[in-house]
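*Asks:* So that you have it, the file is protein-v7.txt, and it contains compact mmCIF, C-alpha atoms and all ligand atoms:
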# COMPACT_ATOMS: atom_id res chain seq x y z
CA MET A 517 0.00 0.00 0.00
CA ASN A 518 2.99 2.25 -0.40
CA ASN A 519 1.33 3.76 -3.44
CA ASP A 520 -2.20 4.38 -2.28
CA ASN A 521 -2.39 7.29 -4.66
CA ASN A 522 -4.43 8.84 -7.44
CA THR A 523 -4.01 5.78 -9.56
CA SER A 524 -5.07 3.33 -6.89
CA TYR A 525 -7.82 5.56 -5.53
CA GLU A 526 -9.84 4.02 -8.32
CA PHE A 527 -9.82 0.88 -6.18
CA ASP A 528 -12.38 0.33 -3.51
CA ALA A 529 -10.84 1.07 -0.12
CA ASN A 530 -12.46 -1.95 1.53
CA LEU A 531 -11.07 -4.21 -1.12
CA ILE A 532 -7.57 -2.89 -0.53
CA CYS A 533 -8.05 -3.30 3.20
CA ASP A 534 -9.23 -6.88 2.74
CA PHE A 535 -6.18 -7.58 0.60
CA PHE A 536 -3.68 -6.15 3.08
CA LEU A 537 -5.30 -7.85 6.06
CA ASN A 538 -3.47 -10.95 4.89
CA THR A 539 -0.05 -9.33 5.03
CA GLU A 540 2.14 -8.56 8.01
CA ARG A 541 3.23 -5.23 6.54
CA GLN A 542 1.29 -2.82 4.39
CA GLY A 543 4.34 -0.97 3.10
CA PRO A 544 8.13 -1.37 2.74
CA GLY A 545 10.10 -1.70 5.98
CA SER A 546 11.64 -4.29 8.30
CA PRO A 547 12.17 -4.96 12.02
CA GLU A 548 15.85 -4.04 11.61
CA VAL A 549 14.97 -0.67 10.15
CA THR A 550 12.41 0.07 12.88
CA LEU A 551 15.11 -0.66 15.46
CA LYS A 552 17.66 1.46 13.66
CA ALA A 553 15.27 4.44 13.62
CA LEU A 554 14.48 3.84 17.29
CA SER A 555 18.19 3.96 18.14
CA PHE A 556 18.21 7.72 17.44
CA ILE A 557 15.55 8.43 20.03
CA ASP A 558 16.48 9.06 23.63
CA ASN A 559 14.75 9.90 26.90
CA LEU A 560 11.86 7.41 26.59
CA THR A 561 10.58 6.14 29.95
CA ASP A 562 7.69 4.02 31.25
CA ASN A 563 5.63 7.22 31.33
CA SER A 564 6.24 8.08 27.69
CA LEU A 565 3.32 8.39 25.30
CA ILE A 566 4.01 7.04 21.83
CA VAL A 567 1.69 7.08 18.83
CA ASP A 568 2.06 5.07 15.62
CA ILE A 569 0.06 6.86 12.92
CA GLY A 570 -1.19 4.77 9.98
CA CYS A 571 -0.14 1.70 11.94
CA GLY A 572 -1.94 -0.82 9.70
CA THR A 573 -2.03 -4.25 11.32
CA GLY A 574 0.88 -3.18 13.54
CA GLY A 575 3.88 -5.16 12.27
CA GLN A 576 6.26 -2.31 13.12
CA THR A 577 4.31 -1.23 16.22
CA MET A 578 4.93 -4.56 17.94
CA VAL A 579 8.67 -4.28 17.20
CA LEU A 580 8.60 -0.81 18.68
CA ALA A 581 6.67 -2.01 21.71
CA ARG A 582 9.10 -4.81 22.45
CA ASN A 583 12.02 -2.40 22.35
CA ALA A 584 10.74 0.84 23.83
CA PRO A 585 9.16 1.64 27.19
CA GLY A 586 5.92 3.59 27.55
CA THR A 587 2.38 3.39 26.28
CA ILE A 588 1.82 2.98 22.55
CA THR A 589 -1.32 3.87 20.64
CA GLY A 590 -1.65 2.68 17.05
CA LEU A 591 -4.04 4.71 14.94
CA ASP A 592 -5.45 3.74 11.57
CA PHE A 593 -8.38 4.53 9.34
CA PHE A 594 -9.42 0.92 8.77
CA SER A 595 -11.18 -0.90 11.59
CA GLY A 596 -10.19 -4.28 10.09
CA PHE A 597 -6.52 -3.39 10.55
CA ILE A 598 -7.14 -2.19 14.10
CA ASP A 599 -8.95 -5.42 15.05
CA LYS A 600 -5.98 -7.40 13.84
CA PHE A 601 -3.60 -4.98 15.59
CA ASN A 602 -5.34 -5.49 18.93
CA ASN A 603 -5.42 -9.27 18.49
CA ASN A 604 -1.69 -9.21 17.81
CA ALA A 605 -1.06 -7.05 20.88
CA ARG A 606 -3.05 -9.50 23.03
CA LYS A 607 -1.25 -12.53 21.61
CA LEU A 608 2.11 -10.90 22.38
CA ASN A 609 1.02 -9.97 25.91
CA LEU A 610 1.48 -6.30 25.14
CA TYR A 611 -2.14 -5.22 25.42
CA ASP A 612 -1.65 -3.54 28.80
CA ARG A 613 0.39 -0.81 27.08
CA VAL A 614 -0.24 -1.23 23.35
CA LYS A 615 -3.66 -0.49 21.87
CA GLY A 616 -5.01 0.26 18.45
CA ILE A 617 -7.71 2.83 17.79
CA VAL A 618 -9.65 3.78 14.67
CA GLY A 619 -9.05 7.39 13.70
CA SER A 620 -7.82 9.74 11.04
CA MET A 621 -4.37 11.27 10.81
CA ASP A 622 -5.84 14.64 9.89
CA ASN A 623 -7.86 14.82 13.10
CA LEU A 624 -5.78 13.23 15.84
CA PRO A 625 -7.59 12.57 19.13
CA PHE A 626 -4.66 13.45 21.40
CA GLU A 627 -3.96 16.34 23.73
CA LYS A 628 -1.72 19.10 22.45
CA GLU A 629 1.92 18.82 23.61
CA SER A 630 1.26 15.43 25.20
CA LEU A 631 3.30 12.97 23.12
CA ASN A 632 6.93 11.95 23.49
CA LEU A 633 7.21 10.20 20.14
CA ILE A 634 5.24 10.10 16.91
CA TRP A 635 6.01 7.15 14.67
CA SER A 636 4.71 6.63 11.15
CA GLU A 637 6.03 4.14 8.59
CA GLY A 638 4.93 4.47 4.98
CA ALA A 639 1.80 6.41 5.86
CA ILE A 640 2.45 10.17 6.12
CA TYR A 641 1.97 10.50 2.35
CA ASN A 642 -1.76 10.13 2.98
CA ILE A 643 -1.82 13.60 4.51
CA GLY A 644 1.35 14.87 2.81
CA PHE A 645 4.83 15.09 4.33
CA GLU A 646 4.86 18.81 5.03
CA ARG A 647 1.31 18.99 6.37
CA GLY A 648 1.82 15.91 8.53
CA LEU A 649 5.05 17.26 10.05
CA THR A 650 3.43 20.60 10.81
CA GLU A 651 0.09 19.41 12.16
CA TRP A 652 1.43 16.47 14.15
CA ARG A 653 4.07 18.70 15.77
CA THR A 654 1.41 20.39 17.89
CA PHE A 655 0.77 17.07 19.67
CA LEU A 656 4.45 16.58 20.59
CA ARG A 657 6.08 17.85 23.75
CA THR A 658 9.12 20.05 23.32
CA GLY A 659 12.07 17.69 23.00
CA GLY A 660 9.79 14.95 21.66
CA TYR A 661 10.60 13.06 18.47
CA ILE A 662 9.01 12.28 15.16
CA ALA A 663 10.15 9.30 13.06
CA VAL A 664 8.54 8.84 9.66
CA SER A 665 9.40 6.92 6.52
CA GLU A 666 8.62 8.53 3.20
CA ILE A 667 9.16 7.81 -0.49
CA SER A 668 11.99 10.02 -1.78
CA TRP A 669 14.15 10.61 -4.84
CA PHE A 670 17.82 9.66 -4.47
CA THR A 671 19.04 11.84 -7.35
CA ASP A 672 18.28 15.27 -8.80
CA GLU A 673 17.38 13.77 -12.18
CA ARG A 674 15.65 10.55 -13.14
CA PRO A 675 14.16 8.83 -16.21
CA ALA A 676 10.81 10.25 -17.31
CA GLU A 677 8.93 6.97 -16.92
CA ILE A 678 9.53 6.72 -13.17
CA HIS A 679 9.38 10.48 -12.66
CA ASP A 680 5.89 10.63 -14.19
CA PHE A 681 4.66 7.50 -12.42
CA TRP A 682 5.45 8.85 -8.97
CA LEU A 683 4.51 12.43 -9.64
CA GLU A 684 1.07 11.31 -10.68
CA GLY A 685 0.81 9.11 -7.61
CA TYR A 686 2.34 11.41 -4.99
CA SER A 687 3.24 14.91 -6.09
CA GLU A 688 5.17 15.61 -2.86
CA ILE A 689 7.84 13.03 -3.69
CA ASP A 690 11.14 14.94 -3.51
CA THR A 691 14.86 14.62 -2.87
CA ILE A 692 16.28 13.86 0.57
CA PRO A 693 17.86 17.34 1.12
CA HIS A 694 14.54 18.95 0.23
CA LYS A 695 12.66 16.79 2.73
CA VAL A 696 15.25 17.51 5.42
CA THR A 697 14.79 21.25 4.79
CA GLN A 698 11.03 20.83 5.12
CA MET A 699 11.56 19.07 8.43
CA GLN A 700 13.78 21.86 9.70
CA LYS A 701 11.32 24.54 8.55
CA ALA A 702 8.47 22.72 10.28
CA GLY A 703 10.25 23.23 13.63
CA TYR A 704 12.33 20.10 14.15
CA ILE A 705 16.05 19.43 14.44
CA PRO A 706 16.73 16.89 11.69
CA VAL A 707 18.40 14.25 13.85
CA ALA A 708 18.94 11.50 11.32
CA THR A 709 18.07 10.35 7.83
CA PHE A 710 18.74 6.96 6.29
CA ILE A 711 17.68 5.04 3.22
CA LEU A 712 15.79 1.81 3.80
CA PRO A 713 17.74 -1.12 2.34
CA GLU A 714 16.38 -2.91 -0.70
CA ASN A 715 15.25 -5.93 1.29
CA CYS A 716 12.55 -3.73 2.90
CA TRP A 717 10.87 -3.71 -0.50
CA THR A 718 11.79 -7.14 -1.85
CA GLU A 719 11.87 -9.56 1.08
CA HIS A 720 9.53 -7.75 3.50
CA TYR A 721 6.99 -6.23 1.13
CA TYR A 722 6.86 -7.63 -2.41
CA LEU A 723 7.67 -11.26 -1.61
CA PRO A 724 4.82 -11.83 0.89
CA LEU A 725 2.44 -10.21 -1.61
CA VAL A 726 2.90 -13.13 -4.02
CA LYS A 727 1.05 -15.48 -1.68
CA THR A 728 -1.51 -12.87 -0.67
CA ARG A 729 -2.36 -12.19 -4.31
CA LYS A 730 -2.93 -15.89 -4.92
CA ILE A 731 -5.37 -16.15 -2.01
CA PHE A 732 -7.09 -12.97 -3.11
CA LEU A 733 -7.47 -13.94 -6.76
CA ASP A 734 -9.04 -17.23 -5.67
CA LYS A 735 -11.39 -15.51 -3.23
CA TYR A 736 -12.55 -12.94 -5.78
CA ALA A 737 -12.29 -15.07 -8.93
CA GLY A 738 -13.59 -13.15 -11.95
CA ASN A 739 -13.68 -9.76 -10.15
CA LYS A 740 -12.28 -7.22 -12.61
CA MET A 741 -11.37 -4.71 -9.89
CA VAL A 742 -9.28 -7.33 -8.12
CA GLU A 743 -7.52 -8.25 -11.35
CA LYS A 744 -6.74 -4.56 -11.90
CA LEU A 745 -5.40 -4.14 -8.38
CA VAL A 746 -3.08 -7.11 -8.90
CA GLU A 747 -2.00 -5.76 -12.28
CA PHE A 748 -1.23 -2.37 -10.76
CA GLN A 749 0.84 -3.93 -8.00
CA LEU A 750 2.86 -5.98 -10.46
CA HIS A 751 3.48 -2.88 -12.56
CA GLU A 752 4.66 -0.95 -9.51
CA GLU A 753 7.00 -3.80 -8.55
CA LYS A 754 8.40 -3.98 -12.07
CA LEU A 755 9.11 -0.25 -12.02
CA TYR A 756 10.79 -0.60 -8.62
CA ASN A 757 13.14 -3.27 -9.93
CA LYS A 758 13.94 -1.20 -13.00
CA TYR A 759 14.46 2.16 -11.28
CA LYS A 760 15.43 1.39 -7.69
CA ALA A 761 18.65 3.39 -8.10
CA PHE A 762 16.56 6.55 -8.34
CA TYR A 763 14.09 6.30 -5.46
CA GLY A 764 13.12 4.46 -2.33
CA TYR A 765 11.89 4.86 1.21
CA VAL A 766 13.83 7.07 3.60
CA PHE A 767 13.47 7.38 7.37
CA TYR A 768 13.43 10.97 8.66
CA ILE A 769 13.90 11.47 12.38
CA GLY A 770 13.36 14.89 13.92
CA LYS A 771 13.31 16.42 17.38
CA LYS A 772 10.80 19.13 18.26
CA ILE A 773 12.47 22.33 19.38
N1 LIG A 801 2.66 1.46 8.94
C1 LIG A 801 2.20 0.28 8.26
C2 LIG A 801 1.12 0.57 7.23
C3 LIG A 801 1.52 1.46 6.08
S1 LIG A 801 0.29 1.55 4.81
C4 LIG A 801 3.37 -0.45 7.64
O1 LIG A 801 4.44 0.15 7.50
O2 LIG A 801 3.22 -1.62 7.31
C5 LIG A 801 -0.52 3.09 5.16
C6 LIG A 801 -1.56 3.00 6.27
O3 LIG A 801 -2.15 4.27 6.44
C7 LIG A 801 -2.72 2.04 5.97
O4 LIG A 801 -2.85 1.15 7.04
C8 LIG A 801 -3.93 2.94 5.83
O5 LIG A 801 -5.13 2.35 6.30
C9 LIG A 801 -3.54 4.10 6.70
N2 LIG A 801 -4.23 5.36 6.38
C10 LIG A 801 -4.49 5.90 5.17
N3 LIG A 801 -5.11 7.08 5.29
C11 LIG A 801 -5.26 7.30 6.62
C12 LIG A 801 -5.82 8.36 7.41
N4 LIG A 801 -6.34 9.44 6.83
N5 LIG A 801 -5.78 8.25 8.74
C13 LIG A 801 -5.23 7.18 9.36
N6 LIG A 801 -4.69 6.14 8.68
C14 LIG A 801 -4.69 6.20 7.32
Mind turning this structure into C-alpha cells?
Ligand code: SAH
*Replies:*
Amino acid sequence: MNNDNNTSYEFDANLICDFFLNTERQGPGSPEVTLKALSFIDNLTDNSLIVDIGCGTGGQTMVLARNAPGTITGLDFFSGFIDKFNNNARKLNLYDRVKGIVGSMDNLPFEKESLNLIWSEGAIYNIGFERGLTEWRTFLRTGGYIAVSEISWFTDERPAEIHDFWLEGYSEIDTIPHKVTQMQKAGYIPVATFILPENCWTEHYYLPLVKTRKIFLDKYAGNKMVEKLVEFQLHEEKLYNKYKAFYGYVFYIGKKI
C-alpha cells in the first residue's frame, strides 16, 4: 500500500483493506529498520506516550513495543486493521500498554503537547509530508521526536517513466535534502536520515504479496477490480526493480524544538 495514490484511488478502499489484512506489513520496511530508527531516540521512559500513525495491522508497532518503554497507541483509518492490531497485541502480551484505535491522521484525538514520540512508517503520504510534520508537531512535547518513513528521490534527475509514475501518484515526492529542509522549517532538528535497504521492499513487502495475491485472486475469482489491483501492483514492482537506483523509502527522524 505504499502507493495508495491517485491511480489506486480508483480501487475500492475496503477491497484494498481486505487484501492487506493478509499481510504482516502494508508498506516497505523491516524490524531491523524500525530498530535502527528507534536507536536515534532518547529519553523514553515508562511514562512516555508514543503514537504510531497509519499503523496498519501493527507489524512495526509490535517491534517498537518490544524495544521501547511507555504506552503505545496505534491509529489507523481501517477498523479491520485495528482489530488485527489489537489481536496481535493481546497474543504478544502487550495489550496492557499497546492499543489500536480507529481514527484519522488529519484529526488526531490526542492532547496538544502530550506525546513523546510520533512514529509513522509508509503512511504520512496520505496527509502529505509537510502537512503531517506541521500538524502532528502540535501534539508533541518540546524535545519529543518524530520518526517517519517517506518515499523520496535519491538523485536530482531521473528517467521520465519513473518520474511521471510517482509524480502522478504522490506529487510531494522529492529529494532527501529537500525533505530535510522541510523538516527543519516545520520546527524540528533533523536528527537522522537513512535510506531503507532494498530488502525492505523485496523480502519484507513484495515477496509476501505473491502469496496474498494468490489467495485474493481465488477468493474474488472473476472480479475485474481485483484483477486490476493485482495488475497495478505488479506494474509498480516492475518499475521498482527497474528504477530502484533513483528512489526508495527514507526514514526521517526529527526532534521538536
Ligand atoms: N505502517 C504500516 C502501514 C503502512 S500503509 C506499515 O508500515 O506496514 C498506510 C496505512 O495508512 C494504511 O494502514 C492505511 O489504512 C492508513 N491510512 C491511510 N489514510 C489514513 C488516514 N487518513 N488516517 C489514518 N490512517 C490512514
*Asks:* Report as a PyMOL selection string which protein, DNA and RNA residues come within 9 Å of ligand LIG 801 (chain A), using all atoms listed in the file.
*Replies:* chain A and resi 517-520+529+532-533+536+539-546+568-577+591-595+597-598+618-624+635-643+665+721
*Asks:* With C-alpha atoms kept, could you save the residues just selected as a short mmCIF file (atom, residue, chain, number, x, y, z; two decimals), keeping the file's coordinate frame?
*Replies:*
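Output below, filename again-v7.cif:
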data_model
loop_
_atom_site.label_atom_id
_atom_site.label_comp_id
_atom_site.auth_asym_id
_atom_site.auth_seq_id
_atom_site.Cartn_x
_atom_site.Cartn_y
_atom_site.Cartn_z
CA MET A 517 0.00 0.00 0.00
CA ASN A 518 2.99 2.25 -0.40
CA ASN A 519 1.33 3.76 -3.44
CA ASP A 520 -2.20 4.38 -2.28
CA ALA A 529 -10.84 1.07 -0.12
CA ILE A 532 -7.57 -2.89 -0.53
CA CYS A 533 -8.05 -3.30 3.20
CA PHE A 536 -3.68 -6.15 3.08
CA THR A 539 -0.05 -9.33 5.03
CA GLU A 540 2.14 -8.56 8.01
CA ARG A 541 3.23 -5.23 6.54
CA GLN A 542 1.29 -2.82 4.39
CA GLY A 543 4.34 -0.97 3.10
CA PRO A 544 8.13 -1.37 2.74
CA GLY A 545 10.10 -1.70 5.98
CA SER A 546 11.64 -4.29 8.30
CA ASP A 568 2.06 5.07 15.62
CA ILE A 569 0.06 6.86 12.92
CA GLY A 570 -1.19 4.77 9.98
CA CYS A 571 -0.14 1.70 11.94
CA GLY A 572 -1.94 -0.82 9.70
CA THR A 573 -2.03 -4.25 11.32
CA GLY A 574 0.88 -3.18 13.54
CA GLY A 575 3.88 -5.16 12.27
CA GLN A 576 6.26 -2.31 13.12
CA THR A 577 4.31 -1.23 16.22
CA LEU A 591 -4.04 4.71 14.94
CA ASP A 592 -5.45 3.74 11.57
CA PHE A 593 -8.38 4.53 9.34
CA PHE A 594 -9.42 0.92 8.77
CA SER A 595 -11.18 -0.90 11.59
CA PHE A 597 -6.52 -3.39 10.55
CA ILE A 598 -7.14 -2.19 14.10
CA VAL A 618 -9.65 3.78 14.67
CA GLY A 619 -9.05 7.39 13.70
CA SER A 620 -7.82 9.74 11.04
CA MET A 621 -4.37 11.27 10.81
CA ASP A 622 -5.84 14.64 9.89
CA ASN A 623 -7.86 14.82 13.10
CA LEU A 624 -5.78 13.23 15.84
CA TRP A 635 6.01 7.15 14.67
CA SER A 636 4.71 6.63 11.15
CA GLU A 637 6.03 4.14 8.59
CA GLY A 638 4.93 4.47 4.98
CA ALA A 639 1.80 6.41 5.86
CA ILE A 640 2.45 10.17 6.12
CA TYR A 641 1.97 10.50 2.35
CA ASN A 642 -1.76 10.13 2.98
CA ILE A 643 -1.82 13.60 4.51
CA SER A 665 9.40 6.92 6.52
CA TYR A 721 6.99 -6.23 1.13
#
*Asks:* Skipping near chain neighbours, those fewer than 2 positions away, what residues fall within 9 Å of region 701-707 of chain A using all atoms listed in the file, listed as a VMD selection string?
*Replies:* chain A and resid 556 to 557 646 to 647 649 to 650 653 661 to 662 696 to 699 709 768 to 773
*Asks:* So that I can see what lies close to Thr589 (chain A), please list as a list in words the residues with an atom at most 9 Å from it, counting all atoms listed in the file and leaving out residues fewer than 6 positions away in the same chain.
*Replies:*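 Those residues are Leu565, Ile566, Val567, Asp568, Ile569, Thr577, Arg613, Val614, Lys615, Gly616 and Ile617 of chain A.
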*Asks:* At what distance in Å, to one decimal, does CA of Lys758 (chain A) lie from CA of Pro675 (chain A)?
*Replies:* 10.5 Å
*Asks:* Please, what distance in Å, to one decimal, runs between CA of Leu554 (chain A) and CA of Gly659 (chain A)?
*Replies:* 15.2 Å
*Asks:* Quick check, in Å to one decimal: how far apart do CA of Ser668 (chain A) and CA of Lys695 (chain A) lie?
*Replies:*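 A separation of 8.2 Å between them.
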*Asks:* Can you tell me which residues surround Phe527 (chain A) at a distance of at most 9 Å, considering all atoms listed in the file, apart from same-chain residues fewer than 5 positions away, and format the answer as a VMD selection string?
*Replies:* chain A and resid 532 741 to 742 744 to 745
*Asks:* Nearest to Gly586 (chain A) among A:Ile689, A:Leu631, A:Cys716, A:Leu725, with distances taken over all atoms listed in the file: which residue is it?
*Replies:*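 Counting all atoms listed in the file, the residue closest to Gly586 (chain A) is A:Leu631.
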*Asks:* Measuring between only C-alpha atoms, which one of A:Leu656, A:Met578, A:Ile731, A:Leu755 shows the shortest distance to Asp680 (chain A)?
*Replies:*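 Under the stated criterion, the closest residue is A:Leu755.
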